[in-house]
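Student: Before I ask anything, let me first share the structure, which is written out below as structure tokens.
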Amino acid sequence: MKEIQIDFVVTWLDSTDPEWQKSYAEYSPKMKGDKSQARFRNLDIFRYWFRSVEKYAPWVHKIYLITNGKFPDWINKDNTKLVLVEHKDYMPKDCLPTFNSCAIELHMHKIKGLSEHFVYFNDDMFLNAHISPDYYFRNRLPCDTNKETCFNVPIYTPEDRFGTWMSVLADIGLINRHFNRWKTVLQSPKKWFGLHLGFKGLIMSCLLSKQRLFVGFTNYHLEQPYLRSVFNEVWEEEPDFMNSSCSRFREDITANPYVFRYWQLAKNEFYPMKREGRFFFLIKEDCLKEIKKAMDCSSYKTICLNDSPLCSNEDYILINAGLKELFETKFPQKSSFEI
């Protein structure tokens, strides 16, 4: 089989940029939506994302770095693998400026030159050990775990509101408009009753049995392989809902990028694989020891260090300094993506 080209896409924001702050101050009083600081805070460790990619995935075809137009001062714009993308390059003008990460992500398929096979990263998702292309794609299909759950019950907190819960329910609702779960299972039963689901996953598949509706999937806030054609298909089928999801600030009941993952699963356009070797951590007070332990463990292929409104500004500043020390120790050499 001919080797496929796999691109990486990563989003980044410099929330200390005076121009961005001016724009935010202009629009935030006028608009509804989530405006918590954690949606925009930037851990100062993004250069290590590039170092980890160069060290552990040198086979990547292109890296598309998406920003609002302000790029890191240290970025090497002449690197032939790097493609710098501004929101205005691929998003409709009436969406801009946007402070909604979901809107930025929902339009990614419109990026000029992007390969059919790509992996999407947030800037807090790092490679931690050597990875081969078949970690993300096999038989030209994105590797994923279609582990189902009926426990995606919304939770509300004053700090984080509904988080992504309501969006996840909206995504599932959209999927159920277009797919019959039992027909999907019958098309490829080995994918829905395979050992990759684990014992609990198999039990859930049996409990759901001939259920016509999808009720939910286990979600992983980690990098995600996608087919560009699936983005196009979802937009063609649901243009109104997708457009309404691209509000200037993130709102509770909108689509988010999980909808494309769910669509891939519902169409059986995925290669079944158990989700192993990945570490997710919600940064908080006294978390550095556990993060260091994970970074020192080569069995963890990727690591996500996710910020949230539950982390105070004081803790955030201390954690940021500690993380820079950890990453500098692990990745001391500049990458070719840095000047």
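Starting from 1 in every chain, residues are counted up; chains themselves are A, B, ... following the order of the structure tokens, and ligands are numbered from 1 as listed.
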So which residues touch Trp59 of chain A within 9 Å, counting only C-alpha atoms, skipping near sequence neighbours fewer than 3 positions away, as a count of residues only?
Tutor: 5
Student: Set the distance at 7 Å and use only C-alpha atoms: which residues neighbour segment 321-336 of chain A once local chain neighbours fewer than 5 positions away are removed? I'd like the list as a ChimeraX atom specification.
Tutor: /A:45,48,50-51,54,79,288,292
Student: Please produce an output containing C-alpha atoms for each residue in the selection, written as an mmCIF file, in the first residue's frame.
Tutor:
```cif
data_model
loop_
_atom_site.group_PDB
_atom_site.id
_atom_site.type_symbol
_atom_site.label_atom_id
_atom_site.label_comp_id
_atom_site.auth_asym_id
_atom_site.auth_seq_id
_atom_site.Cartn_x
_atom_site.Cartn_y
_atom_site.Cartn_z
ATOM 1 C CA ILE A 45 5.944 25.708 26.899
ATOM 2 C CA TYR A 48 8.645 22.113 23.433
ATOM 3 C CA PHE A 50 7.827 21.350 18.268
ATOM 4 C CA ARG A 51 10.855 19.778 19.918
ATOM 5 C CA GLU A 54 10.797 16.663 15.683
ATOM 6 C CA ASN A 79 11.127 25.703 7.947
ATOM 7 C CA LEU A 288 4.308 18.639 39.065
ATOM 8 C CA LYS A 292 7.292 14.451 35.930
#
```
Student: Find the nearest atom pair between each residue of segment 176-292 of chain A and segment 90-99 of chain A for residues within 9 Å, count only C-alpha atoms, give distances in Å to one decimal, sort rows by chain and ascending number, and present the table as a tab-separated table.
Tutor:
```
residue	atom	partner	partner_atom	distance
A:Cys246	CA	A:Cys95	CA	6.8
A:Ser247	CA	A:Cys95	CA	7.1
A:Arg248	CA	A:Thr98	CA	4.7
A:Phe249	CA	A:Phe99	CA	5.1
A:Arg250	CA	A:Phe99	CA	7.3
```
Student: Using only C-alpha atoms, which residues sit within 10 Å of Asn146 of chain A once same-chain residues fewer than 5 positions away are excluded, as a PyMOL selection string?
Tutor: chain A and resi 191-194+196-197+201+205+216-219+261-262+264-266+268+270-275
Student: Which parts of segment 46-252 of chain A does DSSP call strand (DSSP E or B) when run on the backbone here, written out as a PyMOL selection string?
Tutor: chain A and resi 63-67+75+82-86+117-121+125-127+137-138+141-144+148+157+161+217+224-227+250
Student: Find the residue from A:Asn232, A:Ser52, A:Ser298, A:Asn68 that sits nearest to Ile104 of chain A; use only C-alpha atoms when measuring.
Tutor: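 Closest residue, counting only C-alpha atoms: A:Asn68.
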Student: So which bits of segment 204-294 of chain A end up helix (DSSP H, G or I) when you DSSP the backbone, as a ChimeraX atom specification?
Tutor: /A:204-208,228-237,239-244,258-266,288-294
Student: Near Ile175 of chain A, within 12 Å and counting only C-alpha atoms, which residues show up once chain neighbours fewer than 3 positions away are dropped, as JSON, numbers by chain?
Tutor: {"A": [168, 169, 170, 171, 172, 178, 179, 180, 181, 184, 212, 213, 214, 215, 216, 217, 234, 237, 238, 255, 258, 259, 260, 261, 262, 263, 264, 265, 266, 267]}
Student: Any chance you could export the current selection's C-alpha atoms as a CSV table (one decimal), in the first residue's frame?
Tutor:
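Saved to out.csv:
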```
chain,number,residue,atom,x,y,z
A,168,VAL,CA,-21.2,16.5,23.5
A,169,LEU,CA,-24.9,15.8,23.9
A,170,ALA,CA,-25.5,18.1,20.9
A,171,ASP,CA,-22.9,16.1,18.9
A,172,ILE,CA,-24.6,12.8,19.7
A,178,HIS,CA,-28.1,10.6,10.4
A,179,PHE,CA,-27.2,7.1,11.6
A,180,ASN,CA,-28.9,4.1,13.1
A,181,ARG,CA,-26.6,2.5,15.7
A,184,THR,CA,-23.7,0.6,12.0
A,212,ARG,CA,-31.1,2.1,17.6
A,213,LEU,CA,-29.7,5.4,19.0
A,214,PHE,CA,-26.1,6.2,20.0
A,215,VAL,CA,-26.1,7.2,23.6
A,216,GLY,CA,-22.5,8.4,24.0
A,217,PHE,CA,-18.8,7.6,23.6
A,234,VAL,CA,-20.7,16.9,8.1
A,237,GLU,CA,-25.2,17.6,5.8
A,238,GLU,CA,-25.6,20.1,8.6
A,255,ALA,CA,-21.1,21.4,18.0
A,258,TYR,CA,-16.0,15.6,18.8
A,259,VAL,CA,-18.8,15.6,16.2
A,260,PHE,CA,-16.3,14.6,13.4
A,261,ARG,CA,-14.9,11.8,15.5
A,262,TYR,CA,-18.4,10.5,16.3
A,263,TRP,CA,-19.2,10.7,12.6
A,264,GLN,CA,-16.1,8.6,11.7
A,265,LEU,CA,-17.2,6.0,14.3
A,266,ALA,CA,-20.8,5.9,13.2
A,267,LYS,CA,-19.7,5.4,9.5
```
Student: Which is closest to Asp296 of chain A among A:Leu195, A:Ala129, A:Val230, A:Val10, if we use only C-alpha atoms?
Tutor: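 Counting only C-alpha atoms, the residue closest to Asp296 of chain A is A:Ala129.
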Student: Using only C-alpha atoms for the distances, tell me which of A:Asp252, A:Asp315, A:Glu86, A:Glu116 is nearest to Arg228 of chain A.
Tutor: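 With only C-alpha atoms as the atom set, the closest residue is A:Glu116.
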Student: For Phe46 of chain A, work out the shell of residues within 8 Å, counting only C-alpha atoms and skipping chain neighbours fewer than 3 positions away, then give it as a PyMOL selection string.
Tutor: chain A and resi 43+49-50+123-124
Student: Go ahead and save the residues from that selection, with N, CA, C and O atoms, as a compact mmCIF listing (two decimals), in the first residue's frame.
Tutor:
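Result file again-v6.txt:
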```txt
# COMPACT_ATOMS: atom_id res chain seq x y z
N LEU A 43 0.18 28.44 28.63
CA LEU A 43 1.39 27.94 29.27
C LEU A 43 2.58 28.21 28.36
O LEU A 43 2.51 27.97 27.15
N TRP A 49 6.56 21.68 22.25
CA TRP A 49 5.69 20.87 21.38
C TRP A 49 6.44 20.56 20.09
O TRP A 49 6.46 19.42 19.63
N PHE A 50 7.07 21.55 19.51
CA PHE A 50 7.83 21.35 18.27
C PHE A 50 9.05 20.46 18.49
O PHE A 50 9.38 19.62 17.65
N ASP A 123 -2.43 23.00 21.89
CA ASP A 123 -1.04 23.32 22.22
C ASP A 123 -0.60 22.77 23.58
O ASP A 123 0.54 22.97 23.99
N ASP A 124 -1.51 22.06 24.27
CA ASP A 124 -1.14 21.44 25.55
C ASP A 124 -0.99 19.92 25.43
O ASP A 124 -0.94 19.23 26.43
```
Student: Using only C-alpha atoms, determine which residues lie at most 7 Å from Thr67 of chain A, disregarding the query and same-chain residues fewer than 4 positions distant; provide the list as a list of chain:residue names.
Tutor: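 Counting only the stated atoms, we get A:Thr11, A:Trp12, A:Leu13, A:Phe71, A:Val85, A:Glu86, A:His87.
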Student: Okay, now the selection with all heavy atoms, as a tab-separated table (two decimals), in the first residue's frame?
Tutor:
```tsv
chain	number	residue	atom	x	y	z
A	11	THR	N	-3.24	24.42	17.21
A	11	THR	CA	-3.71	25.79	17.42
A	11	THR	C	-2.96	26.42	18.59
A	11	THR	O	-2.59	25.74	19.54
A	11	THR	CB	-5.22	25.80	17.71
A	11	THR	OG1	-5.51	24.85	18.74
A	11	THR	CG2	-6.01	25.44	16.47
A	12	TRP	N	-2.77	27.74	18.51
A	12	TRP	CA	-2.03	28.45	19.56
A	12	TRP	C	-2.52	29.89	19.64
A	12	TRP	O	-2.94	30.48	18.65
A	12	TRP	CB	-0.53	28.44	19.23
A	12	TRP	CG	0.34	29.12	20.25
A	12	TRP	CD1	0.76	28.63	21.45
A	12	TRP	CD2	0.92	30.43	20.14
A	12	TRP	NE1	1.55	29.54	22.09
A	12	TRP	CE2	1.67	30.65	21.32
A	12	TRP	CE3	0.87	31.42	19.17
A	12	TRP	CZ2	2.37	31.83	21.54
A	12	TRP	CZ3	1.56	32.61	19.39
A	12	TRP	CH2	2.30	32.80	20.56
A	13	LEU	N	-2.48	30.43	20.85
A	13	LEU	CA	-2.88	31.81	21.07
A	13	LEU	C	-1.93	32.46	22.06
A	13	LEU	O	-1.59	31.87	23.08
A	13	LEU	CB	-4.30	31.88	21.64
A	13	LEU	CG	-4.76	33.25	22.15
A	13	LEU	CD1	-4.96	34.22	20.98
A	13	LEU	CD2	-6.03	33.13	22.99
A	71	PHE	N	2.18	35.09	15.72
A	71	PHE	CA	2.94	33.84	15.84
A	71	PHE	C	4.05	34.00	16.88
A	71	PHE	O	4.47	35.11	17.18
A	71	PHE	CB	3.53	33.44	14.48
A	71	PHE	CG	2.48	33.12	13.45
A	71	PHE	CD1	2.05	34.08	12.55
A	71	PHE	CD2	1.90	31.86	13.41
A	71	PHE	CE1	1.07	33.80	11.61
A	71	PHE	CE2	0.92	31.56	12.47
A	71	PHE	CZ	0.50	32.53	11.57
A	85	VAL	N	-0.76	29.53	9.47
A	85	VAL	CA	-2.15	29.76	9.06
A	85	VAL	C	-2.79	30.75	10.02
A	85	VAL	O	-2.75	30.56	11.24
A	85	VAL	CB	-2.96	28.44	9.06
A	85	VAL	CG1	-4.39	28.70	8.58
A	85	VAL	CG2	-2.28	27.38	8.19
A	86	GLU	N	-3.39	31.79	9.48
A	86	GLU	CA	-4.17	32.73	10.28
A	86	GLU	C	-5.65	32.40	10.15
A	86	GLU	O	-6.08	31.83	9.15
A	86	GLU	CB	-3.91	34.16	9.80
A	86	GLU	CG	-2.46	34.61	9.94
A	86	GLU	CD	-2.26	36.06	9.53
A	86	GLU	OE1	-3.21	36.86	9.72
A	86	GLU	OE2	-1.17	36.38	9.01
A	87	HIS	N	-6.43	32.76	11.15
A	87	HIS	CA	-7.87	32.49	11.11
A	87	HIS	C	-8.49	33.03	9.83
A	87	HIS	O	-9.34	32.38	9.21
A	87	HIS	CB	-8.56	33.13	12.32
A	87	HIS	CG	-8.09	32.59	13.63
A	87	HIS	ND1	-8.30	33.25	14.83
A	87	HIS	CD2	-7.40	31.45	13.95
A	87	HIS	CE1	-7.78	32.55	15.81
A	87	HIS	NE2	-7.22	31.47	15.32
```
Student: Give me, as a PDB file with N, CA, C and O atoms, in the first residue's frame, all polymer residues having an atom no more than 7 Å from segment 151-157 of chain A, counting only C-alpha atoms and skipping those fewer than 5 positions away in the same chain.
Tutor:
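The result, written out as selection-v5.pdb:
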```pdb
ATOM      1  N   PHE A 162     -20.877  24.256  32.039  1.00  0.00           N
ATOM      2  CA  PHE A 162     -21.122  22.877  31.627  1.00  0.00           C
ATOM      3  C   PHE A 162     -19.891  22.240  30.980  1.00  0.00           C
ATOM      4  O   PHE A 162     -19.955  21.099  30.519  1.00  0.00           O
ATOM      5  N   TRP A 165     -19.925  19.309  28.250  1.00  0.00           N
ATOM      6  CA  TRP A 165     -20.999  18.318  28.371  1.00  0.00           C
ATOM      7  C   TRP A 165     -22.147  18.572  27.409  1.00  0.00           C
ATOM      8  O   TRP A 165     -22.624  17.653  26.725  1.00  0.00           O
ATOM      9  N   MET A 166     -22.661  19.793  27.359  1.00  0.00           N
ATOM     10  CA  MET A 166     -23.812  20.079  26.515  1.00  0.00           C
ATOM     11  C   MET A 166     -23.459  19.965  25.034  1.00  0.00           C
ATOM     12  O   MET A 166     -24.268  19.514  24.218  1.00  0.00           O
ATOM     13  N   GLY A 216     -23.691   7.638  23.615  1.00  0.00           N
ATOM     14  CA  GLY A 216     -22.489   8.376  23.995  1.00  0.00           C
ATOM     15  C   GLY A 216     -21.241   7.546  23.829  1.00  0.00           C
ATOM     16  O   GLY A 216     -21.295   6.307  23.797  1.00  0.00           O
TER      17      GLY A 216
END
```
Student: Compare A:Arg177, A:Lys147, A:His117, A:Lys110 by their minimum atom-to-atom distance to Asp134 of chain A, counting only C-alpha atoms, and give me the closest one.
Tutor: A:His117
Student: Just give me the gap between atom CA of Ser209 of chain A and atom CA of Lys183 of chain A in Å, one decimal is fine.
Tutor: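 Taking atom CA of Ser209 of chain A as the start and atom CA of Lys183 of chain A as the end point, the length is 11.4 Å.
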Student: From the set A:Thr164, A:Met295, A:Gln21, A:Cys206, which residue has the shortest atom-to-atom contact distance to Glu148 of chain A, counting only C-alpha atoms?
Tutor: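 With only C-alpha atoms as the atom set, the closest residue is A:Cys206.
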Student: At what distance in Å, to one decimal, does atom CA of Leu106 of chain A lie from atom CA of Asn256 of chain A?
Tutor: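 Calculated distance between atom CA of Asn256 of chain A and atom CA of Leu106 of chain A is 6.9 Å.
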